[in-house]
$ cat structure_7.txt   # compact mmCIF, C-alpha atoms
# COMPACT_ATOMS: atom_id res chain seq x y z
CA MET A 1 17.18 18.06 3.83
CA PRO A 2 19.14 15.75 1.46
CA LEU A 3 18.12 12.20 0.69
CA PRO A 4 19.64 9.56 2.97
CA LYS A 5 22.66 7.62 1.74
CA THR A 6 21.03 4.29 2.62
CA VAL A 7 17.43 3.13 2.50
CA ILE A 8 16.26 -0.28 3.75
CA VAL A 9 13.06 -1.35 2.00
CA PHE A 10 11.02 -4.10 3.65
CA GLY A 11 8.65 -5.61 1.10
CA GLY A 12 10.93 -4.54 -1.74
CA SER A 13 9.67 -7.24 -4.11
CA GLY A 14 5.99 -6.47 -3.53
CA PHE A 15 3.68 -4.29 -5.59
CA ILE A 16 4.47 -0.89 -4.05
CA GLY A 17 7.98 -2.04 -3.12
CA ARG A 18 9.01 -2.73 -6.71
CA ASN A 19 7.73 0.67 -7.84
CA PHE A 20 9.51 2.38 -4.95
CA VAL A 21 12.83 0.60 -5.53
CA GLN A 22 12.63 1.46 -9.22
CA ALA A 23 12.14 5.13 -8.32
CA LEU A 24 15.26 5.01 -6.13
CA ALA A 25 17.35 3.57 -8.96
CA ASP A 26 18.29 6.94 -10.48
CA ARG A 27 19.35 8.39 -7.15
CA ASP A 28 22.67 8.02 -5.38
CA ILE A 29 21.23 5.78 -2.66
CA HIS A 30 22.43 2.42 -1.36
CA VAL A 31 19.23 0.34 -1.37
CA ILE A 32 18.91 -2.76 0.79
CA GLY A 33 15.85 -4.81 -0.08
CA VAL A 34 14.20 -7.27 2.29
CA ASN A 35 11.51 -9.77 1.38
CA ARG A 36 10.11 -13.05 2.64
CA THR A 37 12.29 -15.42 0.61
CA GLY A 38 15.50 -13.48 0.12
CA CYS A 39 15.23 -13.70 -3.66
CA PRO A 40 17.06 -10.95 -5.61
CA ILE A 41 15.22 -7.64 -5.92
CA SER A 42 15.99 -5.68 -9.06
CA GLY A 43 17.46 -2.28 -8.21
CA CYS A 44 18.71 -3.27 -4.75
CA ALA A 45 22.44 -3.44 -3.99
CA VAL A 46 21.66 -6.09 -1.37
CA SER A 47 18.67 -8.45 -1.18
CA LEU A 48 17.93 -10.74 1.73
CA GLY A 49 15.16 -12.48 3.63
CA MET A 50 13.64 -11.56 6.97
CA ASP A 51 15.59 -14.40 8.59
CA ARG A 52 18.91 -12.83 7.52
CA LEU A 53 18.62 -9.33 8.95
CA HIS A 54 21.66 -10.03 11.12
CA GLU A 55 23.75 -10.03 7.91
CA ILE A 56 23.15 -6.33 7.33
CA SER A 57 26.45 -4.67 8.15
CA ASP A 58 26.80 -1.33 9.90
CA VAL A 59 24.73 1.35 8.21
CA PRO A 60 25.05 5.14 8.49
CA ASN A 61 22.93 6.81 11.14
CA ASP A 62 20.91 8.73 8.54
CA VAL A 63 19.39 5.51 7.15
CA VAL A 64 15.63 5.45 6.62
CA VAL A 65 13.68 2.21 6.99
CA VAL A 66 10.65 1.92 4.69
CA ASN A 67 8.07 -0.69 5.66
CA LEU A 68 6.04 -1.67 2.58
CA ALA A 69 5.77 -5.31 3.64
CA ALA A 70 2.41 -7.06 3.96
CA HIS A 71 1.14 -10.62 3.87
CA CYS A 72 -0.13 -11.59 0.43
CA TYR A 73 -3.10 -13.96 0.48
CA ASP A 74 -5.42 -15.76 -1.93
CA SER A 75 -8.59 -13.67 -2.23
CA SER A 76 -10.58 -16.77 -3.19
CA LYS A 77 -9.89 -17.97 0.36
CA PHE A 78 -10.65 -14.65 2.01
CA LYS A 79 -12.42 -15.90 5.11
CA SER A 80 -9.92 -18.62 5.99
CA SER A 81 -7.00 -16.24 5.37
CA GLN A 82 -8.04 -13.64 7.95
CA SER A 83 -6.21 -15.16 10.91
CA GLU A 84 -3.04 -15.53 8.85
CA ILE A 85 -3.28 -11.89 7.72
CA LEU A 86 -3.31 -10.77 11.34
CA LEU A 87 -0.53 -13.14 12.37
CA LYS A 88 1.86 -12.34 9.52
CA ASN A 89 1.35 -8.57 9.47
CA VAL A 90 1.79 -8.29 13.24
CA GLU A 91 4.95 -10.41 13.04
CA LEU A 92 6.34 -8.21 10.26
CA ALA A 93 5.70 -4.92 12.03
CA THR A 94 7.10 -6.14 15.33
CA ALA A 95 10.23 -7.61 13.74
CA ILE A 96 10.94 -4.42 11.78
CA TYR A 97 10.70 -2.16 14.83
CA HIS A 98 12.78 -4.59 16.86
CA PHE A 99 15.42 -4.44 14.11
CA CYS A 100 15.41 -0.64 14.25
CA ALA A 101 15.77 -0.66 18.03
CA GLU A 102 18.67 -3.10 17.88
CA ARG A 103 20.50 -1.02 15.24
CA ASP A 104 19.68 2.35 16.81
CA LEU A 105 17.84 3.49 13.69
CA HIS A 106 15.46 6.41 14.14
CA GLU A 107 13.51 6.98 10.93
CA VAL A 108 10.70 4.72 9.63
CA ARG A 109 8.18 5.23 6.84
CA LEU A 110 5.15 2.98 7.18
CA ALA A 111 2.53 1.88 4.67
CA SER A 112 -0.60 1.73 6.79
CA SER A 113 -4.23 1.66 5.64
CA LEU A 114 -7.53 3.52 5.85
CA ALA A 115 -8.81 0.26 7.34
CA VAL A 116 -7.48 1.42 10.72
CA TYR A 117 -10.39 3.88 11.06
CA PRO A 118 -13.32 2.88 13.30
CA ALA A 119 -16.54 1.67 11.71
CA SER A 120 -18.42 4.44 13.53
CA LEU A 121 -16.80 7.18 11.44
CA ASN A 122 -18.50 8.35 8.24
CA PHE A 123 -15.54 10.47 7.14
CA PHE A 124 -11.82 9.86 7.61
CA ASP A 125 -9.98 13.07 8.47
CA ASP A 126 -6.30 12.66 9.38
CA GLY A 127 -6.36 16.09 11.00
CA VAL A 128 -8.60 14.75 13.77
CA PRO A 129 -7.28 12.36 16.48
CA VAL A 130 -8.74 8.85 16.18
CA ASP A 131 -9.53 6.37 18.93
CA LEU A 132 -7.99 3.17 17.53
CA ASN A 133 -9.61 1.15 20.31
CA GLN A 134 -13.00 1.48 18.63
CA MET A 135 -13.88 -1.45 16.40
CA PRO A 136 -12.93 -1.22 12.72
CA ASN A 137 -15.28 -2.40 10.00
CA ARG A 138 -16.11 -6.04 10.53
CA SER A 139 -15.42 -7.09 6.94
CA GLU A 140 -11.78 -5.94 7.20
CA ALA A 141 -11.26 -6.25 10.95
CA PHE A 142 -8.29 -8.62 10.91
CA TYR A 143 -6.44 -6.55 8.32
CA GLY A 144 -7.41 -3.32 10.06
CA TRP A 145 -6.21 -4.53 13.45
CA SER A 146 -2.91 -5.70 11.92
CA LYS A 147 -2.31 -2.22 10.50
CA ARG A 148 -3.34 -0.68 13.80
CA TRP A 149 -0.72 -2.81 15.51
CA ALA A 150 1.94 -1.37 13.22
CA GLU A 151 0.84 2.15 14.16
CA GLN A 152 0.74 1.22 17.86
CA CYS A 153 4.24 -0.24 17.51
CA ALA A 154 5.30 3.06 16.01
CA ALA A 155 4.00 4.92 19.08
CA LEU A 156 5.62 2.47 21.52
CA TYR A 157 9.00 2.55 19.83
CA GLN A 158 8.92 6.32 19.48
CA GLN A 159 8.35 6.67 23.22
CA GLN A 160 10.90 4.04 24.24
CA TYR A 161 13.59 4.34 21.57
CA GLY A 162 13.01 7.68 19.88
CA ILE A 163 12.14 6.07 16.54
CA ASN A 164 10.15 8.51 14.40
CA THR A 165 7.52 7.07 12.07
CA VAL A 166 5.60 8.77 9.31
CA ALA A 167 2.62 6.49 8.62
CA PHE A 168 0.69 6.78 5.37
CA ARG A 169 -2.83 5.34 5.48
CA LEU A 170 -3.35 4.11 1.95
CA SER A 171 -6.70 3.77 0.22
CA ASN A 172 -6.63 1.47 -2.85
CA PRO A 173 -3.36 1.86 -4.77
CA TYR A 174 -3.10 0.48 -8.30
CA GLY A 175 -0.46 0.46 -10.99
CA PRO A 176 2.36 -1.57 -12.59
CA TYR A 177 3.98 -4.52 -10.80
CA ASP A 178 0.76 -5.63 -9.12
CA SER A 179 -0.33 -9.25 -9.26
CA THR A 180 -1.15 -10.98 -12.54
CA ASP A 181 -2.88 -13.76 -10.59
CA VAL A 182 -6.57 -12.87 -10.41
CA ASN A 183 -6.92 -14.77 -7.13
CA ARG A 184 -4.24 -12.61 -5.48
CA ALA A 185 -5.12 -9.35 -7.21
CA HIS A 186 -6.80 -6.33 -5.68
CA VAL A 187 -9.91 -4.97 -7.35
CA THR A 188 -8.23 -2.77 -10.00
CA PRO A 189 -5.76 -5.37 -11.33
CA ALA A 190 -8.49 -8.01 -11.16
CA PHE A 191 -10.68 -5.79 -13.35
CA ILE A 192 -7.80 -5.18 -15.77
CA LEU A 193 -7.23 -8.92 -16.07
CA ARG A 194 -10.93 -9.42 -16.82
CA ALA A 195 -10.90 -6.67 -19.43
CA LEU A 196 -7.88 -8.19 -21.18
CA SER A 197 -9.16 -11.75 -20.96
CA GLY A 198 -10.98 -13.56 -23.73
CA GLN A 199 -14.17 -13.74 -21.68
CA PRO A 200 -17.11 -12.18 -23.55
CA GLU A 201 -18.61 -10.62 -20.39
CA PHE A 202 -17.24 -8.49 -17.55
CA GLU A 203 -18.34 -9.88 -14.21
CA ILE A 204 -18.48 -7.78 -11.05
CA LYS A 205 -18.60 -10.05 -8.03
CA GLY A 206 -20.53 -7.84 -5.68
CA ASN A 207 -22.39 -4.56 -5.47
CA PRO A 208 -21.35 -2.20 -8.32
CA ASN A 209 -22.44 0.80 -6.22
CA VAL A 210 -19.75 0.25 -3.58
CA GLU A 211 -17.37 3.23 -3.71
CA ARG A 212 -13.64 3.33 -3.11
CA ASP A 213 -10.77 5.81 -3.45
CA PHE A 214 -8.24 4.63 -6.05
CA ILE A 215 -4.76 6.17 -6.08
CA TYR A 216 -2.05 5.60 -8.67
CA VAL A 217 1.06 3.94 -7.29
CA GLY A 218 3.28 6.61 -8.85
CA ASP A 219 1.66 9.16 -6.53
CA VAL A 220 2.21 6.86 -3.56
CA VAL A 221 5.88 6.45 -4.44
CA GLU A 222 6.34 10.21 -4.90
CA VAL A 223 5.02 10.86 -1.38
CA PHE A 224 7.30 8.20 0.12
CA LEU A 225 10.24 9.72 -1.77
CA GLN A 226 9.48 13.18 -0.41
CA SER A 227 9.22 11.75 3.10
CA LEU A 228 12.84 10.54 2.89
CA GLN A 229 13.97 14.16 3.00
CA ARG A 230 12.17 14.86 6.27
CA ARG A 231 13.51 13.99 9.72
CA GLY A 232 12.26 14.00 13.27
CA GLU A 233 8.56 13.77 12.39
CA HIS A 234 6.14 11.34 14.02
CA ARG A 235 2.68 11.56 12.47
CA SER A 236 0.13 9.89 10.19
CA TYR A 237 -1.48 10.95 6.93
CA ASN A 238 -4.24 9.71 4.65
CA LEU A 239 -2.63 8.78 1.33
CA CYS A 240 -5.61 8.85 -1.01
CA THR A 241 -7.05 11.16 -3.68
CA GLY A 242 -10.13 12.29 -1.74
CA THR A 243 -12.32 11.20 -4.66
CA SER A 244 -14.54 8.12 -4.59
CA THR A 245 -15.35 5.95 -7.62
CA SER A 246 -17.98 3.25 -7.69
CA ILE A 247 -16.93 -0.29 -8.55
CA GLY A 248 -19.24 -0.20 -11.56
CA GLU A 249 -17.67 3.01 -12.85
CA LEU A 250 -14.19 1.57 -12.25
CA ALA A 251 -15.11 -1.39 -14.47
CA ARG A 252 -16.25 0.97 -17.23
CA GLU A 253 -13.11 3.14 -16.85
CA VAL A 254 -10.91 0.04 -17.12
CA MET A 255 -12.64 -1.09 -20.31
CA ARG A 256 -12.42 2.40 -21.82
CA ALA A 257 -8.70 2.57 -21.02
CA ALA A 258 -8.19 -0.91 -22.48
CA GLY A 259 -10.23 -0.10 -25.59
CA VAL A 260 -12.63 -3.01 -25.12
CA GLU A 261 -16.38 -3.30 -24.73
CA LYS A 262 -18.07 -6.04 -22.74
CA PRO A 263 -21.48 -6.24 -21.08
CA LEU A 264 -21.31 -5.79 -17.31
CA LEU A 265 -22.72 -8.54 -15.15
CA SER A 266 -23.09 -8.11 -11.39
CA SER A 267 -24.08 -10.54 -8.67
CA GLY A 268 -25.52 -7.59 -6.75
CA ALA A 269 -24.36 -9.12 -3.47
CA ALA A 270 -22.32 -6.82 -1.26
CA VAL A 271 -18.69 -7.90 -1.11
CA SER A 272 -18.22 -5.51 1.80
CA GLU A 273 -20.36 -4.04 4.53
CA ILE A 274 -18.86 -0.65 3.71
CA VAL A 275 -20.66 1.02 0.80
CA SER A 276 -18.60 4.20 1.00
CA ARG A 277 -15.72 5.44 3.18
CA PRO A 278 -14.69 8.94 2.06
CA ALA A 279 -11.34 10.21 3.30
CA SER A 280 -9.49 13.49 3.13
CA PRO A 281 -5.84 13.91 2.07
CA THR A 282 -5.92 17.68 2.79
CA ARG A 283 -3.20 17.66 5.45
CA LEU A 284 -0.96 15.48 3.28
CA MET A 285 -1.39 17.77 0.28
CA GLU A 286 -0.55 20.82 2.38
CA ASP A 287 2.52 19.34 4.12
CA TYR A 288 3.88 17.70 0.96
CA ASP A 289 2.96 20.52 -1.43
CA ILE A 290 0.81 18.33 -3.66
CA GLU A 291 -1.47 20.16 -6.11
CA GLU A 292 -3.22 17.17 -7.67
CA PHE A 293 -3.06 13.41 -8.06
CA THR A 294 -2.90 11.36 -11.25
CA PRO A 295 -6.38 11.15 -12.85
CA LEU A 296 -7.87 7.65 -12.79
CA ALA A 297 -8.09 7.38 -16.60
CA SER A 298 -4.44 8.34 -17.04
CA GLY A 299 -3.22 5.99 -14.33
CA LEU A 300 -5.25 3.13 -15.77
CA ARG A 301 -3.80 3.58 -19.26
CA THR A 302 -0.25 3.34 -17.91
CA THR A 303 -1.16 0.34 -15.77
CA ILE A 304 -2.88 -1.49 -18.62
CA GLU A 305 0.13 -0.89 -20.86
CA TRP A 306 2.31 -2.63 -18.27
CA TYR A 307 -0.17 -5.53 -17.93
CA ARG A 308 -0.31 -6.04 -21.69
CA HIS A 309 3.46 -6.19 -21.82
CA GLU A 310 3.70 -8.51 -18.81
CA LEU A 311 0.97 -10.88 -20.01
CA GLY A 312 2.54 -10.99 -23.48
CA ARG A 313 5.91 -12.19 -22.20

$ encode --input "structure_7.txt" --output "structure tokens"
Amino acid sequence: MPLPKTVIVFGGSGFIGRNFVQALADRDIHVIGVNRTGCPISGCAVSLGMDRLHEISDVPNDVVVVNLAAHCYDSSKFKSSQSEILLKNVELATAIYHFCAERDLHEVRLASSLAVYPASLNFFDDGVPVDLNQMPNRSEAFYGWSKRWAEQCAALYQQQYGINTVAFRLSNPYGPYDSTDVNRAHVTPAFILRALSGQPEFEIKGNPNVERDFIYVGDVVEVFLQSLQRRGEHRSYNLCTGTSTSIGELAREVMRAAGVEKPLLSSGAAVSEIVSRPASPTRLMEDYDIEEFTPLASGLRTTIEWYRHELGR
């Protein structure tokens, strides 16, 4: 199926959003970008804020809405930010589906999260139905419930309005256009900023044995692009590599990619109750004909190159 003539990207100025909009730039697609403030989004024909959705004129019925929006918070205020994470993410998801219902739009692509899985599961398999009423991991409960709400919205609006959603449960994406503010950065960009800083030591704030699945944003964008050519599907996938890397090894990989050497220091305190949460992308790889994902070392080199350029401006 051909690409749609119009794509509306919510969260177009965010980390994944900027990469996705950039990937759309070489295609004959009318891109409407939506963000919190309404500031211009490079690569979008139209940019506006959430409070100006009524200004979007009639769009063709093959339009696809891509929800990459999420509340950005200060990680140094993690505990106090939890309630706001839930509030803002639930508001965003609800408003986007309400917009689709009002405009009779029927195709949504959703950036969800592996955090929706219950704490009782030791392995996340998107080929097996999941009871989303079971409690998620306590350390990410507010975020997990907010992403669950988006998926529940998807089910409600599919039943009531025939809106089809393909939800991608992301692991830990990294790449260009992520935050350069260490207090708002996820673990990979925070490590890159530490590697490139003038600090003589590399500090890991937490248990270096905690394992996570890190996926390059280019792979994430490629999957979302492929999904634009599919219609009438309502399902969820795990968007991860299926390979876990410890936080300590990630720090070493970042330094190798940056060409720096610093002694590692760790507080040893667990930053999360979840030591490991392996997930399978098998169904995604089969349905989207993916043979392999970008190796961590390669993705880190490209990401670090972008950070060096951005920090040098």

$ closest_residue --input "structure_7.txt" --among "A:Glu310, A:Asp178, A:Glu292, A:Asp213" --to "Gly17 in chain A" --atoms "all atoms listed in the file"
A:Asp178

$ atom_distance --input "structure_7.txt" --atom1 "CA of Val223 in chain A" --atom2 "CA of Tyr117 in chain A"
21.0 Å

$ closest_residue --input "structure_7.txt" --among "A:Ser246, A:Ser267, A:Ser42, A:Ser171" --to "Ser280 in chain A" --atoms "all atoms listed in the file"
A:Ser171

$ closest_atom_pairs --input "structure_7.txt" --of "range 154-188 of chain A" --to "range 236-241 of chain A" --cutoff "9 Å" --atoms "all atoms listed in the file" --output "Markdown table"
| residue | atom | partner | partner_atom | distance |
| --- | --- | --- | --- | --- |
| A:Thr165 | CA | A:Ser236 | CA | 8.1 |
| A:Val166 | CA | A:Ser236 | CA | 5.7 |
| A:Ala167 | CA | A:Ser236 | CA | 4.5 |
| A:Phe168 | CA | A:Tyr237 | CA | 5.0 |
| A:Arg169 | CA | A:Asn238 | CA | 4.7 |
| A:Leu170 | CA | A:Leu239 | CA | 4.8 |
| A:Ser171 | CA | A:Cys240 | CA | 5.3 |
| A:Asn172 | CA | A:Cys240 | CA | 7.7 |
| A:Pro173 | CA | A:Cys240 | CA | 8.2 |

$ atom_distance --input "structure_7.txt" --atom1 "CA of His106 in chain A" --atom2 "CA of Cys72 in chain A"
27.5 Å

$ axis_aligned_box --input "structure_7.txt" --around "range 123-141 of chain A" --padding-each-side "3 Å" --output "lines of an AutoDock Vina configuration file"
center_x = -11.2
center_y = 4.5
center_z = 13.6
size_x = 15.8
size_y = 29.2
size_z = 19.4

$ atom_distance --input "structure_7.txt" --atom1 "CA of Arg138 in chain A" --atom2 "CA of Phe15 in chain A"
25.6 Å

$ closest_residue --input "structure_7.txt" --among "A:Val108, A:Gln159, A:Ala185, A:Glu249" --to "Glu233 in chain A" --atoms "only C-alpha atoms"
A:Val108

$ residues_around --input "structure_7.txt" --residues "Val63 in chain A" --least-positions-apart "3" --cutoff "9 Å" --atoms "all atoms listed in the file" --output "PDB file with C-alpha atoms, keeping the file's coordinate frame"
ATOM      1  CA  PRO A   4      19.640   9.560   2.970  1.00  0.00           C
ATOM      2  CA  LYS A   5      22.660   7.620   1.740  1.00  0.00           C
ATOM      3  CA  THR A   6      21.030   4.290   2.620  1.00  0.00           C
ATOM      4  CA  VAL A   7      17.430   3.130   2.500  1.00  0.00           C
ATOM      5  CA  ILE A   8      16.260  -0.280   3.750  1.00  0.00           C
ATOM      6  CA  VAL A  59      24.730   1.350   8.210  1.00  0.00           C
ATOM      7  CA  PRO A  60      25.050   5.140   8.490  1.00  0.00           C
ATOM      8  CA  LEU A 105      17.840   3.490  13.690  1.00  0.00           C
ATOM      9  CA  HIS A 106      15.460   6.410  14.140  1.00  0.00           C
ATOM     10  CA  GLU A 107      13.510   6.980  10.930  1.00  0.00           C
TER      11      GLU A 107
END

$ closest_residue --input "structure_7.txt" --among "A:Ser113, A:Thr180, A:Asn164, A:Thr243" --to "Arg308 in chain A" --atoms "all atoms listed in the file"
A:Thr180

$ residues_near_point --input "structure_7.txt" --point "(-1.7, -0.1, -10.2)" --cutoff "8 Å" --atoms "only C-alpha atoms" --output "number ranges by chain"
A: 173-178, 188-189, 216-217, 299-300, 303

$ closest_residue --input "structure_7.txt" --among "A:Arg256, A:Lys79, A:Arg283, A:His186" --to "Glu140 in chain A" --atoms "only C-alpha atoms"
A:Lys79

$ closest_residue --input "structure_7.txt" --among "A:Asn183, A:Ala155, A:Pro118, A:Lys262" --to "Lys77 in chain A" --atoms "only C-alpha atoms"
A:Asn183

$ residues_around --input "structure_7.txt" --residues "Gly33 in chain A" --least-positions-apart "2" --cutoff "9 Å" --atoms "all atoms listed in the file" --output "ChimeraX atom specification"
/A:7-13,17,21,31,35,38,40-41,43-49

$ residues_around --input "structure_7.txt" --residues "Gly144 in chain A" --least-positions-apart "2" --cutoff "9 Å" --atoms "all atoms listed in the file" --output "PyMOL selection string"
chain A and resi 86+113-117+136-137+140-142+146-149
